[in-house]
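S.K.: One structure coming up, written as structure tokens, with questions to follow.
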Amino acid sequence: MLPVAPKRQDTGHGWWWLGVHGGAGVSTLEQAVPGGRDAGRAWPAAGTPQPVVLVARSDAGGLKAVQSAAQQWASQLVTGVELLGLVVVADAPGRRPKALRDLLYLVSGAVPRLWEIPWVEQWRLGESALTHLPKECAPLARDLTRLTRPA
């Protein structure tokens, strides 16, 4: 179960990246898709609803952590959160095994939107997310900007 952070002052960022487990890819996404801020593996708490994007790796542990976080949110154990969706970052190159495809299909049904980021070998080698940006980051950035734009 993810904890709820102490109340935080909103600094005008667009959304919170909430890594549901260690190594989910939040730091890389902060570089690749500017506008969000790391929630520090805890649900943000504030006076007004906070836009949150869950982040996980595509391995079994990551997807089970998403399932737990989505259940927390859906059961209203967490308040003051507008869940925008889930970003799944590939944990390995190539096609996902059927068991993981099935699990992703199951858990993604519990969140409003799903974005998938493919394996980027250069990221694994420590190269900047800005110099090796997969095309899948563009729709993610566009969607999040649109979803968090003031009315």
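Just so we're on the same page: first chain in the structure tokens is A, next is B, and so on; residues restart at 1 for each chain, and ligands are numbered from 1 in the order they show up.
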When you look at stretch 10-27 of chain A with a cut-off of 6 Å (counting only C-alpha atoms), what residues show up, excluding the ones that are within fewer than 6 positions of it in the same chain? I need them as a list in words.

M.R.: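 Here the qualifying residues turn out to be Gly35, Gly36, Arg37, Asp38, Ala39, Arg41, Pro51, Val52, Val53, Leu54, Val55, Ala56, Arg57, Ala65 and Thr148 of chain A.
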
S.K.: How about saving the chosen residues, C-alpha atoms kept, as a CSV table (one decimal), in the first residue's frame?

M.R.:
chain,number,residue,atom,x,y,z
A,35,GLY,CA,5.8,19.3,-16.6
A,36,GLY,CA,5.5,16.7,-13.9
A,37,ARG,CA,7.2,16.2,-10.5
A,38,ASP,CA,8.2,13.2,-8.6
A,39,ALA,CA,5.7,12.4,-5.8
A,41,ARG,CA,6.4,7.1,-4.0
A,51,PRO,CA,-3.4,15.3,-10.9
A,52,VAL,CA,-1.4,12.0,-10.6
A,53,VAL,CA,0.1,9.6,-13.1
A,54,LEU,CA,1.1,6.2,-11.9
A,55,VAL,CA,4.4,4.8,-13.2
A,56,ALA,CA,5.6,1.2,-13.2
A,57,ARG,CA,7.9,-1.2,-15.0
A,65,ALA,CA,2.2,-2.8,-7.6
A,148,THR,CA,-3.7,19.5,-16.8

S.K.: Taking into account only C-alpha atoms, which residue in the set A:Leu84, A:Val78, A:Ala60, A:Ala90 is nearest to A:Leu103?

M.R.: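 Nearest to A:Leu103: A:Ala60.
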
S.K.: Could you build a table of the residues in stretch 26-49 of chain A lying no more than 10 Å from stretch 132-147 of chain A, giving for each the nearest pair of atoms and their separation in Å rounded to one decimal place, using only C-alpha atoms, ordered by chain and ascending residue number, as JSON lines?

M.R.:
{"residue": "A:Leu29", "atom": "CA", "partner": "A:Cys137", "partner_atom": "CA", "distance": 8.7}
{"residue": "A:Gln31", "atom": "CA", "partner": "A:Leu133", "partner_atom": "CA", "distance": 9.7}
{"residue": "A:Ala32", "atom": "CA", "partner": "A:Leu133", "partner_atom": "CA", "distance": 6.6}
{"residue": "A:Val33", "atom": "CA", "partner": "A:Ala141", "partner_atom": "CA", "distance": 5.6}
{"residue": "A:Pro34", "atom": "CA", "partner": "A:Ala141", "partner_atom": "CA", "distance": 7.6}
{"residue": "A:Gly35", "atom": "CA", "partner": "A:Thr145", "partner_atom": "CA", "distance": 7.7}
{"residue": "A:Gly36", "atom": "CA", "partner": "A:Leu144", "partner_atom": "CA", "distance": 8.9}

S.K.: Write a file of the just-selected residues containing N, CA and C atoms, as a PDB file, in the first residue's frame.

M.R.:
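Written file, result-v2.pdb:
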ATOM      1  N   LEU A  29      11.296   9.739 -16.781  1.00  0.00           N
ATOM      2  CA  LEU A  29      10.124  10.417 -17.329  1.00  0.00           C
ATOM      3  C   LEU A  29      10.136  11.909 -17.012  1.00  0.00           C
ATOM      4  N   GLN A  31      12.655  13.787 -17.080  1.00  0.00           N
ATOM      5  CA  GLN A  31      13.489  14.378 -18.127  1.00  0.00           C
ATOM      6  C   GLN A  31      12.801  14.318 -19.483  1.00  0.00           C
ATOM      7  N   ALA A  32      12.225  13.178 -19.805  1.00  0.00           N
ATOM      8  CA  ALA A  32      11.674  12.936 -21.137  1.00  0.00           C
ATOM      9  C   ALA A  32      10.375  13.692 -21.392  1.00  0.00           C
ATOM     10  N   VAL A  33       9.582  13.886 -20.348  1.00  0.00           N
ATOM     11  CA  VAL A  33       8.277  14.540 -20.484  1.00  0.00           C
ATOM     12  C   VAL A  33       8.180  15.621 -19.413  1.00  0.00           C
ATOM     13  N   PRO A  34       8.723  16.803 -19.688  1.00  0.00           N
ATOM     14  CA  PRO A  34       8.713  17.879 -18.689  1.00  0.00           C
ATOM     15  C   PRO A  34       7.287  18.300 -18.318  1.00  0.00           C
ATOM     16  N   GLY A  35       7.136  18.742 -17.090  1.00  0.00           N
ATOM     17  CA  GLY A  35       5.849  19.250 -16.628  1.00  0.00           C
ATOM     18  C   GLY A  35       5.367  18.564 -15.366  1.00  0.00           C
ATOM     19  N   GLY A  36       5.911  17.386 -15.097  1.00  0.00           N
ATOM     20  CA  GLY A  36       5.515  16.658 -13.900  1.00  0.00           C
ATOM     21  C   GLY A  36       6.589  16.712 -12.839  1.00  0.00           C
TER      22      GLY A  36
END

S.K.: Could you find all residues in chain A that DSSP calls strand (DSSP E or B) from the backbone, and write them as a PyMOL selection string?

M.R.: chain A and resi 4-7+15-19+34+36-38+43-45+50-57+81-89+114-117

S.K.: Counting only C-alpha atoms, what is within 12 Å of A:Ala99, bar same-chain residues fewer than 4 positions away, as a tab-separated table (two decimals) with N, CA and C atoms, in the first residue's frame?

M.R.:
chain	number	residue	atom	x	y	z
A	58	SER	N	7.18	-2.85	-16.61
A	58	SER	CA	6.26	-3.83	-17.18
A	58	SER	C	6.51	-5.26	-16.69
A	59	ASP	N	7.29	-5.42	-15.64
A	59	ASP	CA	7.49	-6.78	-15.10
A	59	ASP	C	6.35	-7.12	-14.13
A	60	ALA	N	6.30	-8.37	-13.69
A	60	ALA	CA	5.20	-8.83	-12.84
A	60	ALA	C	5.11	-8.01	-11.54
A	63	LEU	N	3.63	-4.52	-12.29
A	63	LEU	CA	2.20	-4.56	-12.62
A	63	LEU	C	1.35	-4.91	-11.40
A	95	ARG	N	9.10	-8.32	-27.28
A	95	ARG	CA	7.69	-8.54	-26.98
A	95	ARG	C	7.53	-9.05	-25.55
A	103	LEU	N	-1.71	-9.57	-17.70
A	103	LEU	CA	-1.76	-8.82	-16.44
A	103	LEU	C	-1.87	-7.33	-16.71
A	104	LEU	N	-1.14	-6.82	-17.70
A	104	LEU	CA	-1.25	-5.40	-18.05
A	104	LEU	C	-2.67	-5.07	-18.52
A	105	TYR	N	-3.24	-5.94	-19.33
A	105	TYR	CA	-4.62	-5.73	-19.79
A	105	TYR	C	-5.56	-5.63	-18.59
A	106	LEU	N	-5.39	-6.51	-17.63
A	106	LEU	CA	-6.24	-6.52	-16.43
A	106	LEU	C	-6.08	-5.23	-15.62

S.K.: Go through A:Ser75, A:Ala110, A:Trp119, A:Glu82 and flag the residue nearest A:Arg96, using only C-alpha atoms for the distances.

M.R.: A:Trp119

S.K.: If we count only C-alpha atoms, what is near A:Ser108 at a cut-off of 9 Å, once residues fewer than 3 positions away on the same chain are taken out, given as a VMD selection string?

M.R.: chain A and resid 66 to 67 85 to 86 103 to 105 111 to 114

S.K.: Tell me, in Å to one decimal, how far atom CA of A:Ala45 is from atom CA of A:Thr79.

M.R.: 7.7 Å

S.K.: Please, which residues of stretch 17-143 of chain A, numbered as in this document, come out helix (DSSP H, G or I) from DSSP, as a ChimeraX atom specification?

M.R.: /A:26-32,60-74,98-108,121-124,137-143

S.K.: Produce a file of the selected residues containing C-alpha atoms, as an mmCIF file, in the first residue's frame.

M.R.:
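Below is the file that was written, again.cif:
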data_model
loop_
_atom_site.group_PDB
_atom_site.id
_atom_site.type_symbol
_atom_site.label_atom_id
_atom_site.label_comp_id
_atom_site.auth_asym_id
_atom_site.auth_seq_id
_atom_site.Cartn_x
_atom_site.Cartn_y
_atom_site.Cartn_z
ATOM 1 C CA VAL A 26 10.022 8.357 -12.710
ATOM 2 C CA SER A 27 13.397 10.152 -12.922
ATOM 3 C CA THR A 28 13.691 9.302 -16.609
ATOM 4 C CA LEU A 29 10.124 10.417 -17.329
ATOM 5 C CA GLU A 30 10.771 13.718 -15.530
ATOM 6 C CA GLN A 31 13.489 14.378 -18.127
ATOM 7 C CA ALA A 32 11.674 12.936 -21.137
ATOM 8 C CA ALA A 60 5.201 -8.826 -12.835
ATOM 9 C CA GLY A 61 6.240 -6.974 -9.676
ATOM 10 C CA GLY A 62 5.609 -3.579 -11.260
ATOM 11 C CA LEU A 63 2.205 -4.556 -12.619
ATOM 12 C CA LYS A 64 1.139 -6.055 -9.278
ATOM 13 C CA ALA A 65 2.186 -2.803 -7.592
ATOM 14 C CA VAL A 66 -0.026 -0.925 -10.081
ATOM 15 C CA GLN A 67 -2.896 -3.232 -9.226
ATOM 16 C CA SER A 68 -2.504 -2.437 -5.539
ATOM 17 C CA ALA A 69 -2.270 1.330 -6.136
ATOM 18 C CA ALA A 70 -5.294 1.294 -8.448
ATOM 19 C CA GLN A 71 -7.310 -0.599 -5.834
ATOM 20 C CA GLN A 72 -6.311 1.971 -3.213
ATOM 21 C CA TRP A 73 -7.478 4.792 -5.467
ATOM 22 C CA ALA A 74 -10.688 3.073 -6.622
ATOM 23 C CA LYS A 98 1.671 -13.455 -22.688
ATOM 24 C CA ALA A 99 1.298 -13.653 -18.894
ATOM 25 C CA LEU A 100 2.512 -10.042 -18.576
ATOM 26 C CA ARG A 101 0.394 -8.843 -21.514
ATOM 27 C CA ASP A 102 -2.635 -10.380 -19.810
ATOM 28 C CA LEU A 103 -1.755 -8.822 -16.444
ATOM 29 C CA LEU A 104 -1.254 -5.397 -18.049
ATOM 30 C CA TYR A 105 -4.616 -5.728 -19.793
ATOM 31 C CA LEU A 106 -6.236 -6.517 -16.434
ATOM 32 C CA VAL A 107 -4.638 -3.698 -14.417
ATOM 33 C CA SER A 108 -4.992 -1.072 -17.149
ATOM 34 C CA GLU A 121 18.823 0.649 -24.455
ATOM 35 C CA GLN A 122 20.535 4.059 -24.201
ATOM 36 C CA TRP A 123 18.586 4.846 -21.022
ATOM 37 C CA ARG A 124 19.845 1.618 -19.504
ATOM 38 C CA CYS A 137 6.772 10.216 -25.360
ATOM 39 C CA ALA A 138 5.171 12.788 -27.705
ATOM 40 C CA PRO A 139 1.552 11.617 -27.262
ATOM 41 C CA LEU A 140 2.171 11.188 -23.530
ATOM 42 C CA ALA A 141 3.402 14.784 -23.237
ATOM 43 C CA ARG A 142 0.561 16.090 -25.411
ATOM 44 C CA ASP A 143 -2.099 14.205 -23.437
#

S.K.: Could you tell me how far atom CA of A:Ala129 lies from atom CA of A:Ile117, in Å and to one decimal?

M.R.: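 Atom CA of A:Ala129 sits 11.9 Å away from atom CA of A:Ile117.
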
S.K.: To one decimal place in Å, what is the distance between atom CA of A:Leu2 and atom CA of A:Val87?

M.R.: 16.9 Å
